[in-house]
Amino acid sequence: MTTTETTVTTQVHRVWIKATPQAIWDAITKPEWTGRYGYCARVEYDLRPGGAYRAYPGAEMAAHPGVPDVVVDGEVVESDPPRRLVQTWRMLMDPELVAEGFTRLTHEIDEVAGGVTRLTIIHELDGAPKLAALVGGEKEDTGAGGGWGWVLSGLKTLLETGKELDR
Amino acid sequence: MDVTDDDLVFKALADPTRRFLLDRLYERDGRTLTELESELEMTRFGVMKHLRVLEDAGLVVTRKAGREKLHFLNAVPIRVIHDRWIDKYRERQVSALADLKNELENSA
(Lines give C-alpha, C1' and ligand atoms only; values in the text may rest on other atoms or scores of the structure.)
Protein backbone atom coordinates (compact mmCIF):
# COMPACT_ATOMS: atom_id res chain seq x y z
CA MET A 1 0.00 0.00 0.00
CA THR A 2 2.92 2.34 0.58
CA THR A 3 3.52 2.50 -3.17
CA THR A 4 0.24 4.36 -3.67
CA GLU A 5 1.16 7.07 -1.17
CA THR A 6 3.40 8.96 -3.56
CA THR A 7 0.58 10.40 -5.68
CA VAL A 8 -0.37 13.29 -3.42
CA THR A 9 1.06 16.20 -5.38
CA THR A 10 -1.68 16.29 -8.02
CA GLN A 11 -4.73 18.48 -7.46
CA VAL A 12 -8.06 17.95 -9.22
CA HIS A 13 -10.66 20.72 -9.37
CA ARG A 14 -13.96 20.24 -11.18
CA VAL A 15 -16.97 22.41 -11.90
CA TRP A 16 -20.20 22.00 -13.89
CA ILE A 17 -21.18 24.99 -16.02
CA LYS A 18 -24.27 25.70 -18.11
CA ALA A 19 -22.33 26.69 -21.21
CA THR A 20 -20.97 25.11 -24.39
CA PRO A 21 -17.46 23.59 -24.49
CA GLN A 22 -16.48 26.33 -26.96
CA ALA A 23 -17.59 29.10 -24.58
CA ILE A 24 -15.51 27.54 -21.81
CA TRP A 25 -12.52 27.07 -24.11
CA ASP A 26 -12.70 30.75 -25.06
CA ALA A 27 -13.03 31.79 -21.42
CA ILE A 28 -9.77 29.96 -20.65
CA THR A 29 -7.71 30.94 -23.69
CA LYS A 30 -8.80 34.49 -24.58
CA PRO A 31 -7.60 37.55 -22.63
CA GLU A 32 -10.91 39.42 -22.94
CA TRP A 33 -12.43 36.59 -20.86
CA THR A 34 -9.58 35.78 -18.46
CA GLY A 35 -9.45 39.44 -17.46
CA ARG A 36 -12.91 39.10 -15.91
CA TYR A 37 -12.69 36.30 -13.35
CA GLY A 38 -10.31 34.86 -10.76
CA TYR A 39 -6.99 36.69 -10.69
CA CYS A 40 -8.04 38.64 -13.81
CA ALA A 41 -4.72 38.07 -15.52
CA ARG A 42 -4.79 38.48 -19.29
CA VAL A 43 -3.49 35.39 -21.04
CA GLU A 44 -1.59 35.05 -24.29
CA TYR A 45 -1.59 31.56 -25.86
CA ASP A 46 0.14 30.27 -28.95
CA LEU A 47 -2.15 27.24 -29.18
CA ARG A 48 0.13 24.61 -30.72
CA PRO A 49 2.61 22.17 -29.20
CA GLY A 50 5.66 24.12 -28.07
CA GLY A 51 3.76 27.43 -28.31
CA ALA A 52 4.36 30.05 -25.63
CA TYR A 53 1.95 30.84 -22.82
CA ARG A 54 2.10 34.04 -20.80
CA ALA A 55 -0.24 35.68 -18.33
CA TYR A 56 -0.06 39.42 -17.72
CA PRO A 57 -1.36 41.03 -14.54
CA GLY A 58 -4.73 42.79 -14.65
CA ALA A 59 -4.93 46.45 -13.66
CA GLU A 60 -5.67 45.70 -10.01
CA MET A 61 -2.79 43.28 -9.64
CA ALA A 62 -0.35 45.43 -11.60
CA ALA A 63 -0.99 48.32 -9.20
CA HIS A 64 0.78 46.37 -6.43
CA PRO A 65 4.48 47.16 -6.09
CA GLY A 66 6.82 44.36 -7.14
CA VAL A 67 4.38 42.53 -9.41
CA PRO A 68 6.33 41.33 -12.47
CA ASP A 69 5.31 42.18 -16.04
CA VAL A 70 4.54 38.51 -16.67
CA VAL A 71 2.92 36.66 -13.75
CA VAL A 72 2.78 33.13 -15.20
CA ASP A 73 4.66 31.55 -18.07
CA GLY A 74 4.76 28.15 -19.71
CA GLU A 75 4.50 26.19 -22.92
CA VAL A 76 1.59 24.48 -24.68
CA VAL A 77 2.02 20.69 -24.76
CA GLU A 78 -1.25 19.65 -26.37
CA SER A 79 -4.12 21.73 -27.74
CA ASP A 80 -7.34 20.04 -28.84
CA PRO A 81 -10.01 22.77 -28.93
CA PRO A 82 -12.52 22.82 -27.34
CA ARG A 83 -11.84 19.62 -25.37
CA ARG A 84 -8.37 19.44 -23.96
CA LEU A 85 -5.47 21.75 -23.22
CA VAL A 86 -2.21 20.56 -21.67
CA GLN A 87 0.58 22.97 -20.83
CA THR A 88 3.46 23.70 -18.50
CA TRP A 89 2.79 26.41 -15.95
CA ARG A 90 5.13 28.39 -13.70
CA MET A 91 4.19 31.28 -11.47
CA LEU A 92 6.61 34.21 -11.47
CA MET A 93 5.21 36.21 -8.57
CA ASP A 94 8.23 35.64 -6.33
CA PRO A 95 11.69 34.02 -6.53
CA GLU A 96 10.66 30.96 -4.48
CA LEU A 97 7.82 30.18 -6.88
CA VAL A 98 10.14 30.68 -9.85
CA ALA A 99 12.62 28.27 -8.23
CA GLU A 100 9.95 25.56 -7.96
CA GLY A 101 9.99 25.44 -11.73
CA PHE A 102 7.40 24.34 -14.26
CA THR A 103 4.35 22.32 -13.28
CA ARG A 104 1.95 20.55 -15.63
CA LEU A 105 -1.60 21.83 -16.02
CA THR A 106 -4.44 20.12 -17.89
CA HIS A 107 -7.88 21.48 -18.70
CA GLU A 108 -10.45 18.84 -19.68
CA ILE A 109 -13.78 20.01 -21.09
CA ASP A 110 -16.56 17.43 -21.42
CA GLU A 111 -20.16 18.05 -22.43
CA VAL A 112 -22.40 16.04 -20.09
CA ALA A 113 -26.11 16.62 -20.78
CA GLY A 114 -28.75 19.31 -21.10
CA GLY A 115 -26.36 22.07 -22.10
CA VAL A 116 -24.10 21.39 -19.12
CA THR A 117 -20.36 21.09 -19.54
CA ARG A 118 -17.91 19.67 -17.03
CA LEU A 119 -14.59 21.43 -16.67
CA THR A 120 -11.79 19.63 -14.84
CA ILE A 121 -8.42 21.09 -13.94
CA ILE A 122 -5.66 18.61 -13.20
CA HIS A 123 -2.59 20.32 -11.79
CA GLU A 124 0.50 18.14 -11.34
CA LEU A 125 2.54 19.90 -8.70
CA ASP A 126 5.57 17.67 -8.18
CA GLY A 127 8.30 19.58 -6.35
CA ALA A 128 6.15 22.70 -6.02
CA PRO A 129 4.75 22.77 -2.45
CA LYS A 130 4.54 26.56 -2.28
CA LEU A 131 2.62 26.80 -5.52
CA ALA A 132 0.41 23.87 -4.42
CA ALA A 133 -0.63 25.81 -1.29
CA LEU A 134 -1.36 28.88 -3.40
CA VAL A 135 -3.44 27.19 -6.11
CA GLY A 136 -5.10 25.00 -3.46
CA GLY A 137 -6.51 28.18 -1.90
CA GLU A 138 -4.65 27.86 1.41
CA LYS A 139 -3.36 31.44 1.22
CA GLU A 140 -6.71 33.09 0.66
CA ASP A 141 -6.79 34.74 4.08
CA THR A 142 -3.57 36.58 3.26
CA GLY A 143 -5.17 38.17 0.19
CA ALA A 144 -3.51 35.81 -2.30
CA GLY A 145 -6.80 34.72 -3.87
CA GLY A 146 -8.60 31.42 -3.46
CA GLY A 147 -6.72 29.30 -5.98
CA TRP A 148 -8.39 27.13 -8.61
CA GLY A 149 -11.63 26.68 -6.63
CA TRP A 150 -12.11 30.43 -6.59
CA VAL A 151 -11.09 30.78 -10.24
CA LEU A 152 -13.59 28.09 -11.34
CA SER A 153 -16.38 29.54 -9.23
CA GLY A 154 -15.78 32.95 -10.82
CA LEU A 155 -15.67 31.42 -14.29
CA LYS A 156 -18.98 29.63 -13.68
CA THR A 157 -20.64 32.82 -12.42
CA LEU A 158 -19.37 34.84 -15.39
CA LEU A 159 -20.50 32.34 -18.03
CA GLU A 160 -23.88 31.62 -16.45
CA THR A 161 -24.90 35.12 -15.39
CA GLY A 162 -22.66 37.45 -17.41
CA LYS A 163 -21.62 39.01 -14.12
CA GLU A 164 -18.29 39.14 -12.40
CA LEU A 165 -18.13 37.50 -9.00
CA ASP A 166 -17.84 39.99 -6.17
CA ARG A 167 -14.48 39.99 -4.50
CA MET B 1 -24.71 16.24 -11.60
CA ASP B 2 -27.29 18.86 -12.38
CA VAL B 3 -25.74 22.26 -11.89
CA THR B 4 -28.78 23.58 -10.11
CA ASP B 5 -28.95 20.61 -7.76
CA ASP B 6 -27.23 21.71 -4.57
CA ASP B 7 -29.31 19.09 -2.75
CA LEU B 8 -26.77 16.43 -3.70
CA VAL B 9 -24.00 18.44 -2.04
CA PHE B 10 -25.95 19.06 1.16
CA LYS B 11 -27.12 15.43 1.33
CA ALA B 12 -23.60 14.17 0.80
CA LEU B 13 -22.29 16.43 3.57
CA ALA B 14 -25.08 15.47 5.99
CA ASP B 15 -23.40 12.16 6.87
CA PRO B 16 -20.50 11.85 9.37
CA THR B 17 -18.85 8.95 7.51
CA ARG B 18 -18.78 10.93 4.29
CA ARG B 19 -17.38 13.99 6.06
CA PHE B 20 -14.75 11.70 7.59
CA LEU B 21 -13.79 10.49 4.10
CA LEU B 22 -13.51 14.08 2.84
CA ASP B 23 -11.33 14.96 5.85
CA ARG B 24 -9.01 12.05 5.05
CA LEU B 25 -8.71 13.25 1.44
CA TYR B 26 -8.06 16.79 2.63
CA GLU B 27 -5.15 15.45 4.69
CA ARG B 28 -3.79 13.48 1.79
CA ASP B 29 -5.37 13.55 -1.62
CA GLY B 30 -5.47 10.90 -4.33
CA ARG B 31 -6.11 7.77 -2.25
CA THR B 32 -7.29 4.34 -3.36
CA LEU B 33 -10.42 2.63 -2.07
CA THR B 34 -8.21 0.19 -0.14
CA GLU B 35 -6.45 3.04 1.66
CA LEU B 36 -9.71 4.77 2.56
CA GLU B 37 -11.28 1.51 3.67
CA SER B 38 -8.42 0.86 6.09
CA GLU B 39 -9.40 4.04 7.99
CA LEU B 40 -12.98 2.92 8.63
CA GLU B 41 -14.71 0.14 10.55
CA MET B 42 -16.90 -0.61 7.57
CA THR B 43 -17.22 -3.10 4.74
CA ARG B 44 -15.62 -2.32 1.41
CA PHE B 45 -19.08 -2.18 -0.11
CA GLY B 46 -20.22 0.34 2.51
CA VAL B 47 -17.26 2.63 1.81
CA MET B 48 -17.89 2.31 -1.94
CA LYS B 49 -21.49 3.38 -1.46
CA HIS B 50 -20.45 6.48 0.48
CA LEU B 51 -17.80 7.35 -2.11
CA ARG B 52 -20.41 7.02 -4.82
CA VAL B 53 -22.67 9.57 -3.09
CA LEU B 54 -19.71 11.93 -2.77
CA GLU B 55 -18.82 11.43 -6.43
CA ASP B 56 -22.41 12.07 -7.56
CA ALA B 57 -22.34 15.32 -5.62
CA GLY B 58 -19.07 16.30 -7.32
CA LEU B 59 -17.19 16.36 -4.00
CA VAL B 60 -14.94 13.47 -4.99
CA VAL B 61 -13.41 13.05 -8.43
CA THR B 62 -11.81 9.76 -9.43
CA ARG B 63 -8.96 9.31 -11.86
CA LYS B 64 -7.18 6.24 -13.10
CA ALA B 65 -3.45 5.97 -12.47
CA GLY B 66 -2.18 2.76 -14.03
CA ARG B 67 -4.31 -0.04 -12.62
CA GLU B 68 -5.48 2.01 -9.69
CA LYS B 69 -8.43 4.33 -9.22
CA LEU B 70 -7.51 7.36 -7.12
CA HIS B 71 -9.98 9.52 -5.22
CA PHE B 72 -9.48 13.28 -5.14
CA LEU B 73 -11.24 15.84 -2.99
CA ASN B 74 -13.06 18.47 -5.04
CA ALA B 75 -14.18 21.41 -2.90
CA VAL B 76 -15.39 23.51 -5.85
CA PRO B 77 -19.12 22.65 -5.42
CA ILE B 78 -18.95 23.93 -1.82
CA ARG B 79 -17.11 27.00 -3.03
CA VAL B 80 -19.78 27.67 -5.67
CA ILE B 81 -22.56 27.50 -3.08
CA HIS B 82 -20.57 29.71 -0.71
CA ASP B 83 -19.80 32.32 -3.35
CA ARG B 84 -23.39 32.48 -4.51
CA TRP B 85 -24.68 33.01 -0.99
CA ILE B 86 -22.07 35.63 -0.20
CA ASP B 87 -22.99 37.32 -3.47
CA LYS B 88 -26.70 37.28 -2.63
CA TYR B 89 -25.98 38.60 0.81
CA ARG B 90 -24.00 41.50 -0.62
CA GLU B 91 -26.75 42.34 -3.08
CA ARG B 92 -29.17 42.47 -0.21
CA GLN B 93 -26.84 44.72 1.76
CA VAL B 94 -26.52 47.08 -1.19
CA SER B 95 -30.27 47.21 -1.69
CA ALA B 96 -30.75 47.70 2.05
CA LEU B 97 -28.49 50.74 1.85
CA ALA B 98 -30.41 51.99 -1.18
CA ASP B 99 -33.64 51.52 0.76
CA LEU B 100 -32.23 53.42 3.69
CA LYS B 101 -31.12 56.24 1.41
CA ASN B 102 -34.61 56.46 -0.13
CA GLU B 103 -36.11 56.38 3.29
CA LEU B 104 -33.94 59.27 4.48
CA GLU B 105 -34.55 61.32 1.35
CA ASN B 106 -38.31 60.82 1.51
CA SER B 107 -38.54 61.73 5.13
CA ALA B 108 -36.36 64.83 4.75
# chains A, B, ... in the order shown; residues from 1 in each chain; ligands from 1
call {"tool": "interface_residues", "arguments": {"of": "chain B", "to": "chain A", "cutoff": "10 Å", "atoms": "only C-alpha atoms", "output": "count of residues only"}}
result
41
call {"tool": "closest_residue", "arguments": {"among": "A:Pro129, A:Gly115, A:Gly74, A:Pro31", "to": "Pro49 of chain A", "atoms": "only C-alpha atoms"}}
result
A:Gly74
call {"tool": "select_by_dssp", "arguments": {"residues": "segment 56-115 of chain A", "states": "alpha helix (DSSP H)", "output": "JSON, numbers by chain"}}
result
{"A": [59, 60, 61, 62, 95, 96, 97, 98, 99, 100]}
call {"tool": "residues_around", "arguments": {"residues": "segment 5-20 of chain B", "least_positions_apart": "6", "cutoff": "10 Å", "atoms": "only C-alpha atoms", "output": "ChimeraX atom specification"}}
result
/B:26,36,39-40,42,47,49-59,77-78,80-81
call {"tool": "atom_distance", "arguments": {"atom1": "atom CA of Leu131 of chain A", "atom2": "atom CA of Arg104 of chain A"}}
result
11.9 Å
call {"tool": "select_by_dssp", "arguments": {"residues": "segment 77-145 of chain A", "states": "strand (DSSP E or B)", "output": "ChimeraX atom specification"}}
result
/A:77-80,84-91,103-111,116-124
call {"tool": "write_last_selection", "arguments": {"atoms": "N, CA and C atoms", "output": "PDB file, in the first residue's frame"}}
result
ATOM      1  N   VAL A  77       1.594  22.069 -24.469  1.00  0.00           N
ATOM      2  CA  VAL A  77       2.023  20.695 -24.755  1.00  0.00           C
ATOM      3  C   VAL A  77       1.059  20.050 -25.748  1.00  0.00           C
ATOM      4  N   GLU A  78      -0.222  20.273 -25.524  1.00  0.00           N
ATOM      5  CA  GLU A  78      -1.250  19.652 -26.366  1.00  0.00           C
ATOM      6  C   GLU A  78      -2.449  20.588 -26.410  1.00  0.00           C
ATOM      7  N   SER A  79      -2.967  20.857 -27.610  1.00  0.00           N
ATOM      8  CA  SER A  79      -4.118  21.733 -27.741  1.00  0.00           C
ATOM      9  C   SER A  79      -5.135  21.066 -28.651  1.00  0.00           C
ATOM     10  N   ASP A  80      -6.284  20.707 -28.082  1.00  0.00           N
ATOM     11  CA  ASP A  80      -7.341  20.042 -28.840  1.00  0.00           C
ATOM     12  C   ASP A  80      -8.659  20.768 -28.573  1.00  0.00           C
ATOM     13  N   ARG A  84      -9.501  19.793 -24.809  1.00  0.00           N
ATOM     14  CA  ARG A  84      -8.372  19.444 -23.955  1.00  0.00           C
ATOM     15  C   ARG A  84      -7.185  20.376 -24.217  1.00  0.00           C
ATOM     16  N   LEU A  85      -6.631  20.873 -23.120  1.00  0.00           N
ATOM     17  CA  LEU A  85      -5.469  21.748 -23.219  1.00  0.00           C
ATOM     18  C   LEU A  85      -4.460  21.329 -22.149  1.00  0.00           C
ATOM     19  N   VAL A  86      -3.266  20.957 -22.601  1.00  0.00           N
ATOM     20  CA  VAL A  86      -2.205  20.562 -21.671  1.00  0.00           C
ATOM     21  C   VAL A  86      -1.052  21.534 -21.845  1.00  0.00           C
ATOM     22  N   GLN A  87      -0.496  21.995 -20.743  1.00  0.00           N
ATOM     23  CA  GLN A  87       0.581  22.966 -20.826  1.00  0.00           C
ATOM     24  C   GLN A  87       1.487  22.881 -19.594  1.00  0.00           C
ATOM     25  N   THR A  88       2.649  23.492 -19.707  1.00  0.00           N
ATOM     26  CA  THR A  88       3.460  23.698 -18.501  1.00  0.00           C
ATOM     27  C   THR A  88       3.077  25.047 -17.933  1.00  0.00           C
ATOM     28  N   TRP A  89       3.332  25.235 -16.645  1.00  0.00           N
ATOM     29  CA  TRP A  89       2.792  26.406 -15.945  1.00  0.00           C
ATOM     30  C   TRP A  89       3.704  26.751 -14.771  1.00  0.00           C
ATOM     31  N   ARG A  90       4.221  27.961 -14.773  1.00  0.00           N
ATOM     32  CA  ARG A  90       5.126  28.392 -13.695  1.00  0.00           C
ATOM     33  C   ARG A  90       4.743  29.798 -13.251  1.00  0.00           C
ATOM     34  N   MET A  91       4.551  29.959 -11.957  1.00  0.00           N
ATOM     35  CA  MET A  91       4.189  31.282 -11.467  1.00  0.00           C
ATOM     36  C   MET A  91       5.449  32.096 -11.171  1.00  0.00           C
ATOM     37  N   THR A 103       5.276  23.389 -13.631  1.00  0.00           N
ATOM     38  CA  THR A 103       4.351  22.317 -13.278  1.00  0.00           C
ATOM     39  C   THR A 103       3.550  21.987 -14.539  1.00  0.00           C
ATOM     40  N   ARG A 104       2.729  20.951 -14.456  1.00  0.00           N
ATOM     41  CA  ARG A 104       1.948  20.552 -15.629  1.00  0.00           C
ATOM     42  C   ARG A 104       0.465  20.742 -15.335  1.00  0.00           C
ATOM     43  N   LEU A 105      -0.193  21.477 -16.221  1.00  0.00           N
ATOM     44  CA  LEU A 105      -1.599  21.833 -16.022  1.00  0.00           C
ATOM     45  C   LEU A 105      -2.444  21.323 -17.186  1.00  0.00           C
ATOM     46  N   THR A 106      -3.529  20.630 -16.858  1.00  0.00           N
ATOM     47  CA  THR A 106      -4.436  20.116 -17.893  1.00  0.00           C
ATOM     48  C   THR A 106      -5.843  20.648 -17.664  1.00  0.00           C
ATOM     49  N   HIS A 107      -6.461  21.131 -18.722  1.00  0.00           N
ATOM     50  CA  HIS A 107      -7.883  21.482 -18.699  1.00  0.00           C
ATOM     51  C   HIS A 107      -8.614  20.436 -19.531  1.00  0.00           C
ATOM     52  N   GLU A 108      -9.606  19.778 -18.934  1.00  0.00           N
ATOM     53  CA  GLU A 108     -10.450  18.845 -19.675  1.00  0.00           C
ATOM     54  C   GLU A 108     -11.867  19.399 -19.724  1.00  0.00           C
ATOM     55  N   ILE A 109     -12.440  19.447 -20.915  1.00  0.00           N
ATOM     56  CA  ILE A 109     -13.783  20.013 -21.094  1.00  0.00           C
ATOM     57  C   ILE A 109     -14.674  18.932 -21.698  1.00  0.00           C
ATOM     58  N   ASP A 110     -15.687  18.503 -20.961  1.00  0.00           N
ATOM     59  CA  ASP A 110     -16.565  17.434 -21.423  1.00  0.00           C
ATOM     60  C   ASP A 110     -18.024  17.868 -21.330  1.00  0.00           C
ATOM     61  N   GLU A 111     -18.733  17.765 -22.449  1.00  0.00           N
ATOM     62  CA  GLU A 111     -20.163  18.048 -22.427  1.00  0.00           C
ATOM     63  C   GLU A 111     -20.850  16.875 -21.732  1.00  0.00           C
ATOM     64  N   VAL A 116     -25.048  21.253 -20.222  1.00  0.00           N
ATOM     65  CA  VAL A 116     -24.098  21.388 -19.120  1.00  0.00           C
ATOM     66  C   VAL A 116     -22.748  20.801 -19.533  1.00  0.00           C
ATOM     67  N   THR A 117     -21.709  21.534 -19.219  1.00  0.00           N
ATOM     68  CA  THR A 117     -20.361  21.088 -19.541  1.00  0.00           C
ATOM     69  C   THR A 117     -19.542  20.973 -18.262  1.00  0.00           C
ATOM     70  N   ARG A 118     -18.742  19.925 -18.200  1.00  0.00           N
ATOM     71  CA  ARG A 118     -17.910  19.669 -17.032  1.00  0.00           C
ATOM     72  C   ARG A 118     -16.490  20.117 -17.342  1.00  0.00           C
ATOM     73  N   LEU A 119     -15.971  20.967 -16.503  1.00  0.00           N
ATOM     74  CA  LEU A 119     -14.588  21.430 -16.670  1.00  0.00           C
ATOM     75  C   LEU A 119     -13.740  20.887 -15.525  1.00  0.00           C
ATOM     76  N   THR A 120     -12.673  20.193 -15.864  1.00  0.00           N
ATOM     77  CA  THR A 120     -11.786  19.629 -14.844  1.00  0.00           C
ATOM     78  C   THR A 120     -10.380  20.184 -15.032  1.00  0.00           C
ATOM     79  N   ILE A 121      -9.817  20.661 -13.940  1.00  0.00           N
ATOM     80  CA  ILE A 121      -8.425  21.094 -13.945  1.00  0.00           C
ATOM     81  C   ILE A 121      -7.603  20.049 -13.207  1.00  0.00           C
ATOM     82  N   ILE A 122      -6.575  19.536 -13.855  1.00  0.00           N
ATOM     83  CA  ILE A 122      -5.655  18.615 -13.196  1.00  0.00           C
ATOM     84  C   ILE A 122      -4.299  19.311 -13.146  1.00  0.00           C
ATOM     85  N   HIS A 123      -3.852  19.596 -11.930  1.00  0.00           N
ATOM     86  CA  HIS A 123      -2.591  20.323 -11.788  1.00  0.00           C
ATOM     87  C   HIS A 123      -1.568  19.416 -11.117  1.00  0.00           C
ATOM     88  N   GLU A 124      -0.556  19.020 -11.874  1.00  0.00           N
ATOM     89  CA  GLU A 124       0.503  18.144 -11.341  1.00  0.00           C
ATOM     90  C   GLU A 124       1.591  19.026 -10.763  1.00  0.00           C
TER      91      GLU A 124
END
